[in-house]
Amino acid sequence: MKILVVEDEHRIAQSIKKGLEQERYIVDVAYTGTDGFDLSSTEEYDCIILDLMLPGMDGLEICRRLRKNQNHTPILILTAKGQTQDKIEGLETGADDYLTKPFSFEELVARIRALLRRPKYVASQTLTVGDLTLDTQTFEVQRNGVRILLSGKEFSLLEYFMRHSKSTLSKEQIITHVWDYSSDILPNTVEVTIRNLRKKIDLPFHTLKPLIHTIRGFGYSLGE
Ligand code: CA
């Protein structure tokens, strides 16, 4: 799951990024409203955390423009204490939730999880495809009852596959959702990560049907 943090206070932005990465989210940061708007209109995010007071373009304007452009990515706005009017205005312009600064990191994560659980997403902390399960909170992955240890990137990739298990995902979609904007991606990075994932979730279970499929010319899919 990929999250954009739009926050001009570097210290706050970096601590949110660091904390969310420990929760296995992929995080991009924009430090100005203009960059935030540009990134959110060109990249695909699963959630946007939006500060209101920003240089360049304020958070409310970003929110208004995204919704006007039919971008329905869940938006959580961050407001400073006492900006009740902004809060109301934020929700009216199409934000999904808000959090008042200073906030606890636990609450931020809980609210993000709640936003990601909305109908567009799977409504459970455990994702299941066939005999494969992935717990998005304990990070435990099992196939046929056998625990599988994955690297952070393999976990993110598998979670993305499992949330879209009925679709064929192109390499571009996978890169957009599983790698952050600043990562250096080599032409074969996706292939290598998928190969490693296969070694862990398909190869050891050769008596079971493989779950990861290559759809030549289109991309990859996960399913029975
Ligand atoms: Ca600010």
# chains A, B, ... in the order shown; residues from 1 in each chain; ligands from 1
>>> select_by_dssp(residues="chain A", states="strand (DSSP E or B)", output="number ranges by chain")
A: 2-6, 26-30, 47-51, 75-80, 97-101, 126-129, 132-135, 141-143, 146-148, 169, 212-215, 219-222
>>> residues_near_ligand(ligand="ligand 1", cutoff="7 Å", atoms="only C-alpha atoms and all ligand atoms", output="VMD selection string")
chain A and resid 7 to 9 51 to 54
>>> write_last_selection(atoms="C-alpha atoms", output="mmCIF file, in the first residue's frame")
data_model
loop_
_atom_site.group_PDB
_atom_site.id
_atom_site.type_symbol
_atom_site.label_atom_id
_atom_site.label_comp_id
_atom_site.auth_asym_id
_atom_site.auth_seq_id
_atom_site.Cartn_x
_atom_site.Cartn_y
_atom_site.Cartn_z
ATOM 1 C CA GLU A 7 3.795 18.080 4.918
ATOM 2 C CA ASP A 8 6.165 21.059 4.875
ATOM 3 C CA GLU A 9 7.646 20.464 8.313
ATOM 4 C CA ASP A 51 -1.252 18.986 5.920
ATOM 5 C CA LEU A 52 -3.391 22.111 5.452
ATOM 6 C CA MET A 53 -0.938 24.980 5.791
ATOM 7 C CA LEU A 54 1.514 24.417 2.964
#
>>> closest_residue(among="A:Thr73, A:Thr79, A:Gln14, A:Gln173", to="Gly94 (chain A)", atoms="only C-alpha atoms")
A:Thr73
>>> residues_around(residues="Thr168 (chain A)", least_positions_apart="6", cutoff="10 Å", atoms="only C-alpha atoms", output="short mmCIF file (atom, residue, chain, number, x, y, z; two decimals) with all heavy atoms, in the first residue's frame")
data_model
loop_
_atom_site.label_atom_id
_atom_site.label_comp_id
_atom_site.auth_asym_id
_atom_site.auth_seq_id
_atom_site.Cartn_x
_atom_site.Cartn_y
_atom_site.Cartn_z
N PHE A 161 -0.50 -7.87 -4.59
CA PHE A 161 -1.08 -8.95 -5.40
C PHE A 161 -2.36 -9.48 -4.75
O PHE A 161 -3.36 -9.70 -5.43
CB PHE A 161 -0.09 -10.12 -5.49
CG PHE A 161 0.82 -10.08 -6.68
CD1 PHE A 161 2.17 -10.36 -6.54
CD2 PHE A 161 0.33 -9.80 -7.95
CE1 PHE A 161 3.03 -10.34 -7.64
CE2 PHE A 161 1.18 -9.78 -9.05
CZ PHE A 161 2.53 -10.05 -8.90
N HIS A 213 1.27 -16.09 -11.50
CA HIS A 213 1.24 -16.41 -12.93
C HIS A 213 1.80 -15.25 -13.74
O HIS A 213 1.52 -14.10 -13.44
CB HIS A 213 -0.19 -16.68 -13.37
CG HIS A 213 -0.90 -17.66 -12.48
ND1 HIS A 213 -0.69 -19.02 -12.54
CD2 HIS A 213 -1.75 -17.45 -11.45
CE1 HIS A 213 -1.41 -19.61 -11.60
NE2 HIS A 213 -2.07 -18.68 -10.92
N THR A 214 2.56 -15.60 -14.77
CA THR A 214 3.04 -14.58 -15.69
C THR A 214 2.08 -14.57 -16.87
O THR A 214 1.81 -15.60 -17.46
CB THR A 214 4.46 -14.92 -16.19
OG1 THR A 214 5.30 -15.06 -15.04
CG2 THR A 214 5.00 -13.83 -17.09
N ILE A 215 1.54 -13.41 -17.16
CA ILE A 215 0.65 -13.28 -18.32
C ILE A 215 1.46 -12.56 -19.39
O ILE A 215 1.63 -11.34 -19.33
CB ILE A 215 -0.63 -12.46 -17.98
CG1 ILE A 215 -1.18 -12.81 -16.59
CG2 ILE A 215 -1.68 -12.60 -19.07
CD1 ILE A 215 -1.80 -14.17 -16.44
N PHE A 218 1.37 -8.85 -20.70
CA PHE A 218 0.47 -8.03 -19.89
C PHE A 218 1.02 -7.79 -18.50
O PHE A 218 0.95 -6.68 -17.97
CB PHE A 218 -0.91 -8.68 -19.78
CG PHE A 218 -1.66 -8.68 -21.07
CD1 PHE A 218 -1.65 -9.81 -21.88
CD2 PHE A 218 -2.33 -7.55 -21.50
CE1 PHE A 218 -2.32 -9.81 -23.10
CE2 PHE A 218 -3.00 -7.53 -22.72
CZ PHE A 218 -3.00 -8.68 -23.53
N GLY A 219 1.55 -8.82 -17.88
CA GLY A 219 2.05 -8.62 -16.51
C GLY A 219 1.93 -9.89 -15.70
O GLY A 219 2.27 -10.98 -16.17
N TYR A 220 1.40 -9.73 -14.50
CA TYR A 220 1.36 -10.84 -13.56
C TYR A 220 0.01 -10.91 -12.87
O TYR A 220 -0.69 -9.90 -12.75
CB TYR A 220 2.43 -10.66 -12.48
CG TYR A 220 3.83 -10.57 -13.05
CD1 TYR A 220 4.37 -9.33 -13.38
CD2 TYR A 220 4.59 -11.71 -13.27
CE1 TYR A 220 5.64 -9.23 -13.92
CE2 TYR A 220 5.86 -11.62 -13.80
CZ TYR A 220 6.39 -10.37 -14.13
OH TYR A 220 7.64 -10.28 -14.66
N SER A 221 -0.34 -12.10 -12.41
CA SER A 221 -1.54 -12.20 -11.59
C SER A 221 -1.29 -13.21 -10.50
O SER A 221 -0.37 -14.04 -10.56
CB SER A 221 -2.75 -12.60 -12.43
OG SER A 221 -2.63 -13.95 -12.80
N LEU A 222 -2.11 -13.12 -9.46
CA LEU A 222 -2.01 -14.04 -8.35
C LEU A 222 -3.36 -14.71 -8.17
O LEU A 222 -4.39 -14.03 -8.15
CB LEU A 222 -1.63 -13.30 -7.06
CG LEU A 222 -1.51 -14.19 -5.84
CD1 LEU A 222 -0.07 -14.56 -5.60
CD2 LEU A 222 -2.06 -13.49 -4.60
#
>>> closest_residue(among="A:Gly90, A:Pro55, A:Val109, A:His177", to="Lys17 (chain A)", atoms="only C-alpha atoms")
A:Val109
>>> residues_around(residues="His206 (chain A)", least_positions_apart="6", cutoff="12 Å", atoms="only C-alpha atoms", output="short mmCIF file (atom, residue, chain, number, x, y, z; two decimals) with N, CA and C atoms, in the first residue's frame")
data_model
loop_
_atom_site.label_atom_id
_atom_site.label_comp_id
_atom_site.auth_asym_id
_atom_site.auth_seq_id
_atom_site.Cartn_x
_atom_site.Cartn_y
_atom_site.Cartn_z
N ARG A 143 1.31 -20.42 4.03
CA ARG A 143 0.67 -21.17 2.96
C ARG A 143 0.43 -22.58 3.46
N ASN A 144 -0.80 -23.01 3.35
CA ASN A 144 -1.15 -24.36 3.79
C ASN A 144 -0.71 -24.58 5.25
N ARG A 198 8.29 -16.12 -5.73
CA ARG A 198 7.93 -17.47 -6.20
C ARG A 198 8.70 -18.55 -5.46
N LYS A 199 9.99 -18.25 -5.22
CA LYS A 199 10.83 -19.23 -4.52
C LYS A 199 10.30 -19.51 -3.12
N LYS A 200 9.57 -18.55 -2.57
CA LYS A 200 9.08 -18.73 -1.21
C LYS A 200 7.63 -19.20 -1.14
#
>>> closest_atom_pairs(of="region 44-84 of chain A", to="region 18-37 of chain A", cutoff="7 Å", atoms="only C-alpha atoms", output="tab-separated table")
residue	atom	partner	partner_atom	distance
A:Leu54	CA	A:Gly33	CA	5.4
A:Pro55	CA	A:Thr32	CA	5.3
A:Gly56	CA	A:Gly33	CA	5.1
A:Met57	CA	A:Gly33	CA	4.3
A:Asp58	CA	A:Gly33	CA	5.7
A:Gly59	CA	A:Gly33	CA	6.7
A:Ile62	CA	A:Phe37	CA	5.8
>>> write_last_selection(atoms="N, CA and C atoms", output="mmCIF file, in the first residue's frame")
data_model
loop_
_atom_site.group_PDB
_atom_site.id
_atom_site.type_symbol
_atom_site.label_atom_id
_atom_site.label_comp_id
_atom_site.auth_asym_id
_atom_site.auth_seq_id
_atom_site.Cartn_x
_atom_site.Cartn_y
_atom_site.Cartn_z
ATOM 1 N N LEU A 54 0.380 24.852 3.784
ATOM 2 C CA LEU A 54 1.514 24.417 2.964
ATOM 3 C C LEU A 54 1.967 25.545 2.052
ATOM 4 N N PRO A 55 3.252 25.642 1.779
ATOM 5 C CA PRO A 55 3.685 26.631 0.797
ATOM 6 C C PRO A 55 3.275 26.185 -0.607
ATOM 7 N N GLY A 56 3.016 27.127 -1.473
ATOM 8 C CA GLY A 56 2.667 26.789 -2.861
ATOM 9 C C GLY A 56 1.171 26.655 -3.062
ATOM 10 N N MET A 57 0.582 25.623 -2.474
ATOM 11 C CA MET A 57 -0.863 25.418 -2.609
ATOM 12 C C MET A 57 -1.322 24.823 -1.288
ATOM 13 N N ASP A 58 -2.396 25.354 -0.701
ATOM 14 C CA ASP A 58 -2.777 24.802 0.599
ATOM 15 C C ASP A 58 -3.534 23.478 0.459
ATOM 16 N N GLY A 59 -3.610 22.764 1.559
ATOM 17 C CA GLY A 59 -4.180 21.428 1.546
ATOM 18 C C GLY A 59 -5.617 21.381 1.046
ATOM 19 N N ILE A 62 -5.652 21.522 -2.677
ATOM 20 C CA ILE A 62 -5.219 20.244 -3.266
ATOM 21 C C ILE A 62 -6.391 19.269 -3.264
#
>>> residues_around(residues="Glu44 (chain A)", least_positions_apart="5", cutoff="12 Å", atoms="only C-alpha atoms", output="list in words")
Met1, Lys2, Ile3, Leu4, Ile26, Val27, Asp28, Phe37, Asp38, Leu39, Asn71, His72, Thr73, Pro74, Glu172, Gln173, Ile174, Ile175, Thr176, His177, Val178, Trp179, Asp180 and Tyr181 of chain A
>>> atom_distance(atom1="CA of Leu50 (chain A)", atom2="CA of Val5 (chain A)")
6.2 Å
>>> atom_distance(atom1="CA of Tyr45 (chain A)", atom2="CA of Leu115 (chain A)")
12.5 Å
>>> residues_around(residues="Phe155 (chain A)", least_positions_apart="2", cutoff="9 Å", atoms="only C-alpha atoms", output="list in words")
Arg24, Leu134, Phe139, Val141, Leu149, Leu150, Ser151, Gly152, Lys153, Leu157, Leu158, Glu159, Tyr160 and Leu197 of chain A
>>> closest_residue(among="A:Arg118, A:Tyr98, A:Ser104, A:Val129", to="Lys166 (chain A)", atoms="only C-alpha atoms")
A:Val129
>>> select_by_dssp(residues="region 89-146 of chain A", states="alpha helix (DSSP H)", output="list in words")
Glu89, Gly90, Leu91, Glu92, Phe105, Glu106, Glu107, Leu108, Val109, Ala110, Arg111, Ile112, Arg113, Ala114, Leu115 and Leu116 of chain A
>>> write_last_selection(atoms="C-alpha atoms", output="PDB file, in the first residue's frame")
ATOM      1  CA  GLU A  89     -14.165  22.726   5.216  1.00  0.00           C
ATOM      2  CA  GLY A  90     -11.737  19.874   4.606  1.00  0.00           C
ATOM      3  CA  LEU A  91     -14.429  17.262   5.016  1.00  0.00           C
ATOM      4  CA  GLU A  92     -16.743  19.299   2.814  1.00  0.00           C
ATOM      5  CA  PHE A 105       1.430   7.806  15.699  1.00  0.00           C
ATOM      6  CA  GLU A 106      -0.772   4.870  16.778  1.00  0.00           C
ATOM      7  CA  GLU A 107      -3.861   6.922  16.039  1.00  0.00           C
ATOM      8  CA  LEU A 108      -2.534   7.937  12.631  1.00  0.00           C
ATOM      9  CA  VAL A 109      -1.924   4.286  11.732  1.00  0.00           C
ATOM     10  CA  ALA A 110      -5.354   3.244  13.032  1.00  0.00           C
ATOM     11  CA  ARG A 111      -7.036   5.902  10.899  1.00  0.00           C
ATOM     12  CA  ILE A 112      -5.055   4.960   7.807  1.00  0.00           C
ATOM     13  CA  ARG A 113      -6.039   1.320   8.313  1.00  0.00           C
ATOM     14  CA  ALA A 114      -9.671   2.371   8.651  1.00  0.00           C
ATOM     15  CA  LEU A 115      -9.477   4.348   5.407  1.00  0.00           C
ATOM     16  CA  LEU A 116      -7.845   1.445   3.565  1.00  0.00           C
TER      17      LEU A 116
END
>>> atom_distance(atom1="CA of Leu60 (chain A)", atom2="CA of Asp86 (chain A)")
8.1 Å
>>> closest_residue(among="A:Ala80, A:Ala95, A:Leu203, A:Ile49", to="Cys63 (chain A)", atoms="only C-alpha atoms")
A:Ala95
